[in-house]
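Worksheet: one structure, shown below.
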Amino acid sequence: MTDITSLVNNQLGIKLTAQQISAFETYEKVLLEWNEKFNLTAIRDVEGIRVKHFLDSLTCIKEIKSTPPNHLIDIGTGAGFPGIPLKLLFPAMQLTLVESVGKKAGFCKYVIERLELDNAEVLTMRAEEIGQIARYREKYDWAVARAVASLPILLEFLLPLVRIGGGVLAQKGESAHAEAQLAEKASQLLGGKLQHISQLTLPGVAEEHFLVVYKKIASTPSKYPRRVGIPAKMPL
């Protein structure tokens, strides 16, 4: 079984500090414990957690490391992915996790307390609500999401939260290129521009993984995001 230190070093060329290693070990232990009581994630084995949760989350640094974020928001974070692993790599970063399911949001709050992470908050709200609150709207350097919704819907959640010049990063599977084509109209309407789509390989994982990156080039019209449920029912 591969430990998280070797995985991150071999795959991303990053050497974790002793403090970071300890934090990942605690995170793993707590996730395994909570998963016995609540259905936080379908991945319940140690190897799966290290590769499909921790390493997969950390692959985002391939895109964000050139401009490390001061403020990052993770929409539909679930059990804290990719937001909390990224916070462990960028401890000075202000992190906002958004999760509408109460038990998952509660887990994220517990992890943040257990790992003593500063400048991290969890919002038990829907993405459509967050995007219309002045405190959060167009305030972030990066908005990220993993396995939340198709890109035409997801961009309506993420782009309103990003400042002009900031970026959106969506972790996607094999449908990445097709979704990006469908999202062209949404991107233009919301002030975004597709930068590129990069492919990733995770050790021992056959499924294709992609990082889809957009840049925020213009302010998002105030009517977006539309009210809760409308983006999914009537994608742009």
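Residues are referred to by chain and number: the chain letter is A, B, ... according to the order shown in the structure tokens, the number counts from 1 in that chain, and ligands are numbered separately from 1 in the order shown.
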Exercise. Just the residues within 7 Å of region 216-223 of chain A, please, counting only C-alpha atoms, with nothing from its chain fewer than 4 positions along; format it as an NGL selection string.
Key: :A and (159-160 or 162-167 or 190-193)
With C-alpha atoms retained, could you export that selection as a tab-separated table (two decimals), in the first residue's frame?
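File produced: part00.tsv:
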chain	number	residue	atom	x	y	z
A	159	LEU	CA	-18.16	32.09	-12.06
A	160	PRO	CA	-20.27	34.54	-9.99
A	162	VAL	CA	-14.69	34.60	-8.80
A	163	ARG	CA	-13.07	38.01	-9.14
A	164	ILE	CA	-12.16	39.28	-12.60
A	165	GLY	CA	-8.78	37.74	-13.38
A	166	GLY	CA	-9.50	34.77	-11.14
A	167	GLY	CA	-10.10	31.21	-12.22
A	190	LEU	CA	-21.23	34.64	-17.09
A	191	GLY	CA	-17.94	36.39	-17.92
A	192	GLY	CA	-15.71	33.35	-18.31
A	193	LYS	CA	-13.35	32.07	-20.97
Tell me, counting only C-alpha atoms, for each residue of region 119-213 of chain A within 8 Å of region 46-62 of chain A, which pair of atoms is nearest and how far apart they are in Å to one decimal, in rows ordered by chain and increasing number, as CSV.
residue,atom,partner,partner_atom,distance
A:Leu169,CA,A:Cys60,CA,7.8
A:Leu200,CA,A:Thr59,CA,8.0
A:Leu202,CA,A:Val51,CA,7.0
A:Pro203,CA,A:Val51,CA,7.3
A:Leu211,CA,A:Cys60,CA,7.4
Would you mind exporting N, CA and C atoms of the selected residues as a PDB file, in the first residue's frame?
ATOM      1  N   LEU A 169     -11.896  26.079 -11.649  1.00  0.00           N
ATOM      2  CA  LEU A 169     -11.303  24.782 -11.941  1.00  0.00           C
ATOM      3  C   LEU A 169     -12.327  23.700 -11.627  1.00  0.00           C
ATOM      4  N   LEU A 200      -5.183  14.001 -16.632  1.00  0.00           N
ATOM      5  CA  LEU A 200      -4.401  13.480 -15.521  1.00  0.00           C
ATOM      6  C   LEU A 200      -4.485  11.959 -15.488  1.00  0.00           C
ATOM      7  N   LEU A 202      -4.158   8.926 -12.560  1.00  0.00           N
ATOM      8  CA  LEU A 202      -3.964   8.549 -11.166  1.00  0.00           C
ATOM      9  C   LEU A 202      -3.504   7.098 -11.118  1.00  0.00           C
ATOM     10  N   PRO A 203      -2.533   6.764 -10.274  1.00  0.00           N
ATOM     11  CA  PRO A 203      -2.008   5.395 -10.233  1.00  0.00           C
ATOM     12  C   PRO A 203      -3.087   4.377  -9.859  1.00  0.00           C
ATOM     13  N   LEU A 211      -8.734  18.271 -15.738  1.00  0.00           N
ATOM     14  CA  LEU A 211      -8.921  19.551 -15.070  1.00  0.00           C
ATOM     15  C   LEU A 211      -9.359  20.551 -16.141  1.00  0.00           C
TER      16      LEU A 211
END
Exercise. May I have the residues within 9 Å of Leu95 (chain A) as a VMD selection string, using only C-alpha atoms and disregarding those fewer than 6 positions away in the same chain?
Key: chain A and resid 70 to 74 83 to 84 87 118 to 122
Exercise. Please return as a ChimeraX atom specification: the residues of region 6-130 of chain A that backbone DSSP assigns to alpha helix (DSSP H).
Key: /A:6-12,18-35,46-48,56-58,61-64,83-89,102-114,127-130
Quiz item: What are the DSSP strand (DSSP E or B) residues of region 4-233 of chain A, as a PyMOL selection string?
Solution: chain A and resi 71-75+94-98+120-123+140-146+162-172+192-200+209-216
Residues of the last selection are to be written out with N, CA and C atoms, as a short mmCIF file (atom, residue, chain, number, x, y, z; two decimals), in the first residue's frame.
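Okay, this is what ended up in selection.cif:
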data_model
loop_
_atom_site.label_atom_id
_atom_site.label_comp_id
_atom_site.auth_asym_id
_atom_site.auth_seq_id
_atom_site.Cartn_x
_atom_site.Cartn_y
_atom_site.Cartn_z
N HIS A 71 -7.70 33.41 -1.60
CA HIS A 71 -9.07 33.02 -1.27
C HIS A 71 -9.55 31.97 -2.26
N LEU A 72 -9.99 30.83 -1.74
CA LEU A 72 -10.49 29.74 -2.59
C LEU A 72 -11.82 29.24 -2.03
N ILE A 73 -12.76 28.99 -2.92
CA ILE A 73 -14.05 28.44 -2.51
C ILE A 73 -14.29 27.12 -3.23
N ASP A 74 -14.77 26.15 -2.47
CA ASP A 74 -15.01 24.79 -2.97
C ASP A 74 -16.51 24.52 -2.87
N ILE A 75 -17.15 24.38 -4.02
CA ILE A 75 -18.60 24.20 -4.07
C ILE A 75 -18.96 22.72 -4.13
N GLN A 94 -7.28 31.51 2.60
CA GLN A 94 -8.63 31.59 3.16
C GLN A 94 -9.51 30.61 2.39
N LEU A 95 -10.08 29.64 3.08
CA LEU A 95 -10.86 28.58 2.44
C LEU A 95 -12.33 28.67 2.84
N THR A 96 -13.20 28.60 1.84
CA THR A 96 -14.64 28.51 2.08
C THR A 96 -15.13 27.21 1.46
N LEU A 97 -15.73 26.37 2.28
CA LEU A 97 -16.34 25.12 1.81
C LEU A 97 -17.84 25.29 1.81
N VAL A 98 -18.49 24.88 0.70
CA VAL A 98 -19.94 24.97 0.59
C VAL A 98 -20.50 23.57 0.40
N ALA A 120 -10.68 29.08 7.73
CA ALA A 120 -11.47 28.11 6.99
C ALA A 120 -12.89 28.12 7.53
N GLU A 121 -13.87 28.20 6.63
CA GLU A 121 -15.27 28.20 7.06
C GLU A 121 -16.07 27.23 6.22
N VAL A 122 -17.18 26.75 6.79
CA VAL A 122 -18.07 25.83 6.10
C VAL A 122 -19.46 26.45 6.06
N LEU A 123 -20.04 26.53 4.88
CA LEU A 123 -21.38 27.10 4.71
C LEU A 123 -22.34 25.99 4.31
N TYR A 140 -13.34 35.66 -4.87
CA TYR A 140 -12.37 34.57 -4.79
C TYR A 140 -11.38 34.55 -5.95
N ASP A 141 -10.15 34.11 -5.64
CA ASP A 141 -9.13 33.92 -6.68
C ASP A 141 -9.43 32.66 -7.50
N TRP A 142 -9.91 31.63 -6.81
CA TRP A 142 -10.26 30.38 -7.46
C TRP A 142 -11.55 29.83 -6.88
N ALA A 143 -12.40 29.30 -7.75
CA ALA A 143 -13.57 28.51 -7.34
C ALA A 143 -13.39 27.13 -7.93
N VAL A 144 -13.49 26.10 -7.09
CA VAL A 144 -13.24 24.74 -7.54
C VAL A 144 -14.44 23.84 -7.23
N ALA A 145 -14.54 22.76 -7.97
CA ALA A 145 -15.62 21.79 -7.73
C ALA A 145 -15.22 20.45 -8.31
N ARG A 146 -15.67 19.40 -7.65
CA ARG A 146 -15.38 18.04 -8.10
C ARG A 146 -16.68 17.25 -8.09
N VAL A 162 -16.09 34.32 -8.50
CA VAL A 162 -14.69 34.60 -8.80
C VAL A 162 -14.49 36.05 -9.22
N ARG A 163 -13.42 36.64 -8.73
CA ARG A 163 -13.07 38.01 -9.14
C ARG A 163 -12.61 38.01 -10.59
N ILE A 164 -12.70 39.16 -11.24
CA ILE A 164 -12.16 39.28 -12.60
C ILE A 164 -10.65 39.03 -12.55
N GLY A 165 -10.18 38.15 -13.41
CA GLY A 165 -8.78 37.74 -13.38
C GLY A 165 -8.56 36.45 -12.63
N GLY A 166 -9.58 36.03 -11.87
CA GLY A 166 -9.50 34.77 -11.14
C GLY A 166 -9.84 33.58 -12.02
N GLY A 167 -9.88 32.41 -11.42
CA GLY A 167 -10.10 31.21 -12.22
C GLY A 167 -11.10 30.25 -11.63
N VAL A 168 -11.67 29.45 -12.51
CA VAL A 168 -12.57 28.36 -12.15
C VAL A 168 -11.88 27.06 -12.55
N LEU A 169 -11.90 26.08 -11.65
CA LEU A 169 -11.30 24.78 -11.94
C LEU A 169 -12.33 23.70 -11.63
N ALA A 170 -12.69 22.94 -12.65
CA ALA A 170 -13.64 21.84 -12.47
C ALA A 170 -12.92 20.52 -12.71
N GLN A 171 -13.01 19.61 -11.75
CA GLN A 171 -12.45 18.27 -11.92
C GLN A 171 -13.49 17.40 -12.60
N LYS A 172 -13.13 16.84 -13.74
CA LYS A 172 -14.10 16.13 -14.56
C LYS A 172 -13.58 14.76 -15.02
N GLY A 192 -16.85 34.26 -18.34
CA GLY A 192 -15.71 33.35 -18.31
C GLY A 192 -15.17 33.05 -19.69
N LYS A 193 -13.96 32.50 -19.72
CA LYS A 193 -13.35 32.07 -20.97
C LYS A 193 -12.57 30.78 -20.71
N LEU A 194 -12.84 29.76 -21.51
CA LEU A 194 -12.13 28.49 -21.35
C LEU A 194 -10.65 28.69 -21.65
N GLN A 195 -9.80 28.28 -20.72
CA GLN A 195 -8.35 28.38 -20.91
C GLN A 195 -7.79 27.09 -21.52
N HIS A 196 -8.04 25.99 -20.85
CA HIS A 196 -7.58 24.71 -21.38
C HIS A 196 -8.16 23.56 -20.57
N ILE A 197 -8.00 22.37 -21.12
CA ILE A 197 -8.40 21.14 -20.44
C ILE A 197 -7.18 20.24 -20.40
N SER A 198 -6.75 19.86 -19.20
CA SER A 198 -5.57 19.02 -19.08
C SER A 198 -5.95 17.65 -18.53
N GLN A 199 -5.31 16.62 -19.06
CA GLN A 199 -5.61 15.25 -18.65
C GLN A 199 -4.65 14.79 -17.56
N LEU A 200 -5.18 14.00 -16.63
CA LEU A 200 -4.40 13.48 -15.52
C LEU A 200 -4.48 11.96 -15.49
N HIS A 209 -9.29 11.32 -16.05
CA HIS A 209 -9.47 12.50 -15.20
C HIS A 209 -8.97 13.73 -15.95
N PHE A 210 -9.74 14.82 -15.83
CA PHE A 210 -9.37 16.08 -16.50
C PHE A 210 -9.56 17.25 -15.55
N LEU A 211 -8.73 18.27 -15.74
CA LEU A 211 -8.92 19.55 -15.07
C LEU A 211 -9.36 20.55 -16.14
N VAL A 212 -10.54 21.12 -15.95
CA VAL A 212 -11.08 22.10 -16.90
C VAL A 212 -10.95 23.48 -16.27
N VAL A 213 -10.23 24.36 -16.93
CA VAL A 213 -9.89 25.66 -16.34
C VAL A 213 -10.49 26.81 -17.16
N TYR A 214 -11.18 27.69 -16.45
CA TYR A 214 -11.72 28.92 -17.04
C TYR A 214 -11.11 30.13 -16.35
N LYS A 215 -10.97 31.22 -17.12
CA LYS A 215 -10.55 32.48 -16.53
C LYS A 215 -11.74 33.43 -16.51
N LYS A 216 -11.86 34.21 -15.45
CA LYS A 216 -12.93 35.20 -15.35
C LYS A 216 -12.43 36.48 -16.01
#
Practice problem: Calculate how many Å separate CA of Ile112 (chain A) from CA of Val30 (chain A), rounding to one decimal. | Solution: 11.3 Å
